[in-house]
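J.: Supplied in structure tokens, the structure appears directly below.
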Amino acid sequence: MDLPGSIHDFLLVSLGLVLILGGLGVVLLTNPIYSAFSLGLVLVCISLFYILSNSHFVAAAQLLIYVGAINVLILFAVMFMNGSEYSNDWNLWTVGDGITSLICTSIFISLITIISDTSWYAIIWTTRTNQILEQDLTSNGQQIGIHLSTDFFLPFEFISIILLVALIGAIAVARQ
Amino acid sequence: MLEHVLVLSAYLFSIGIYGLVTSRNMVRALMCLELLLNAVNINFITFSDFFDNRQLKGNIFSIFVIAIAAAEAAIGLAN
């Protein structure tokens, strides 16, 4: 988006904070309904982040599909759970939880090390000189449409077939 | 700027792995799986915004990831 730099940075920082808290809420909240609503908040914030990154089509697709369909499906599944599966006692912090948190922290620290050790500016410089500057008049959605109908036509058809097969399979499984 | 967004997506990824491994419930595991896929999508969109502003190949791939995640959530929740 063509916002002034300070507003852009402020929005990014606030979205990042909400994402951090929402992610913790999905994993750590014991009530699954609260956890599902926290997931909805995370997905909406990610969609707003996509708008800030000039990807309007993917932001709309995320809002429609993830929040509108997948999150609603998850809420349906949460509502159908019995009360006996609710309210696990949070004091059951097992040894496995501790080991997993250690491993996840080490994964996160190694990812941060890799990110800060990569010279991104060299990559930006080498890709800027290779880009063709002719597609300046098309908007984001038009550019994606051009790609989906010419370069990525075969994956597009395959993914339509995959979605059809997945939904037929889900109905066939749920009927029994 | 680029690194902060990548660190954010790395954080969501590791939180998703932790939630996926330590969840006793299948619906909670599915929710953490959606977190994982969204973290990867943030990465794709950020790279497409910074490096590939004219051809948007990262955006195309994240559309496919969203579609696959929808199919897998439908099958996973039918059980």
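Just remember, in the structure tokens the first chain shown is A, the second B, etc., residues are 1-based per chain, and ligands are 1-based in the order shown.
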Please check the contacts: residues of chain B at most 8 Å away from chain A, using only C-alpha atoms, listed as a PyMOL selection string.
T.: chain B and resi 3+6-8+10-12+14-19+21-22+25+27-28+31-32+35+38+42+45-46+49-52+54-56+59-60+62-64+66-68+70-75+77-79
J.: When DSSP is applied to the backbone of this structure, which of chain A are assigned helix (DSSP H, G or I)? Write them out as a PyMOL selection string.
T.: chain A and resi 5-28+32-52+56-79+83-85+95-117+120-128+140-150+153-174
J.: Could you work out how far atom CA of Met26 of chain B lies from atom CA of Ala60 of chain A, giving the answer in Å with one decimal?
T.: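 Interatomic distance, atom CA of Ala60 of chain A to atom CA of Met26 of chain B: 28.2 Å.
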J.: Rounded to one decimal in Å, what is the spacing between atom CA of Leu36 of chain B and atom CA of Phe13 of chain B?
T.: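 Taking atom CA of Leu36 of chain B as the start and atom CA of Phe13 of chain B as the end point, the length is 5.1 Å.
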J.: Quick one: pull the distance between atom CA of Leu41 of chain A and atom CA of Val67 of chain A, Å, one decimal.
T.: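 Those two atoms sit 8.8 Å apart.
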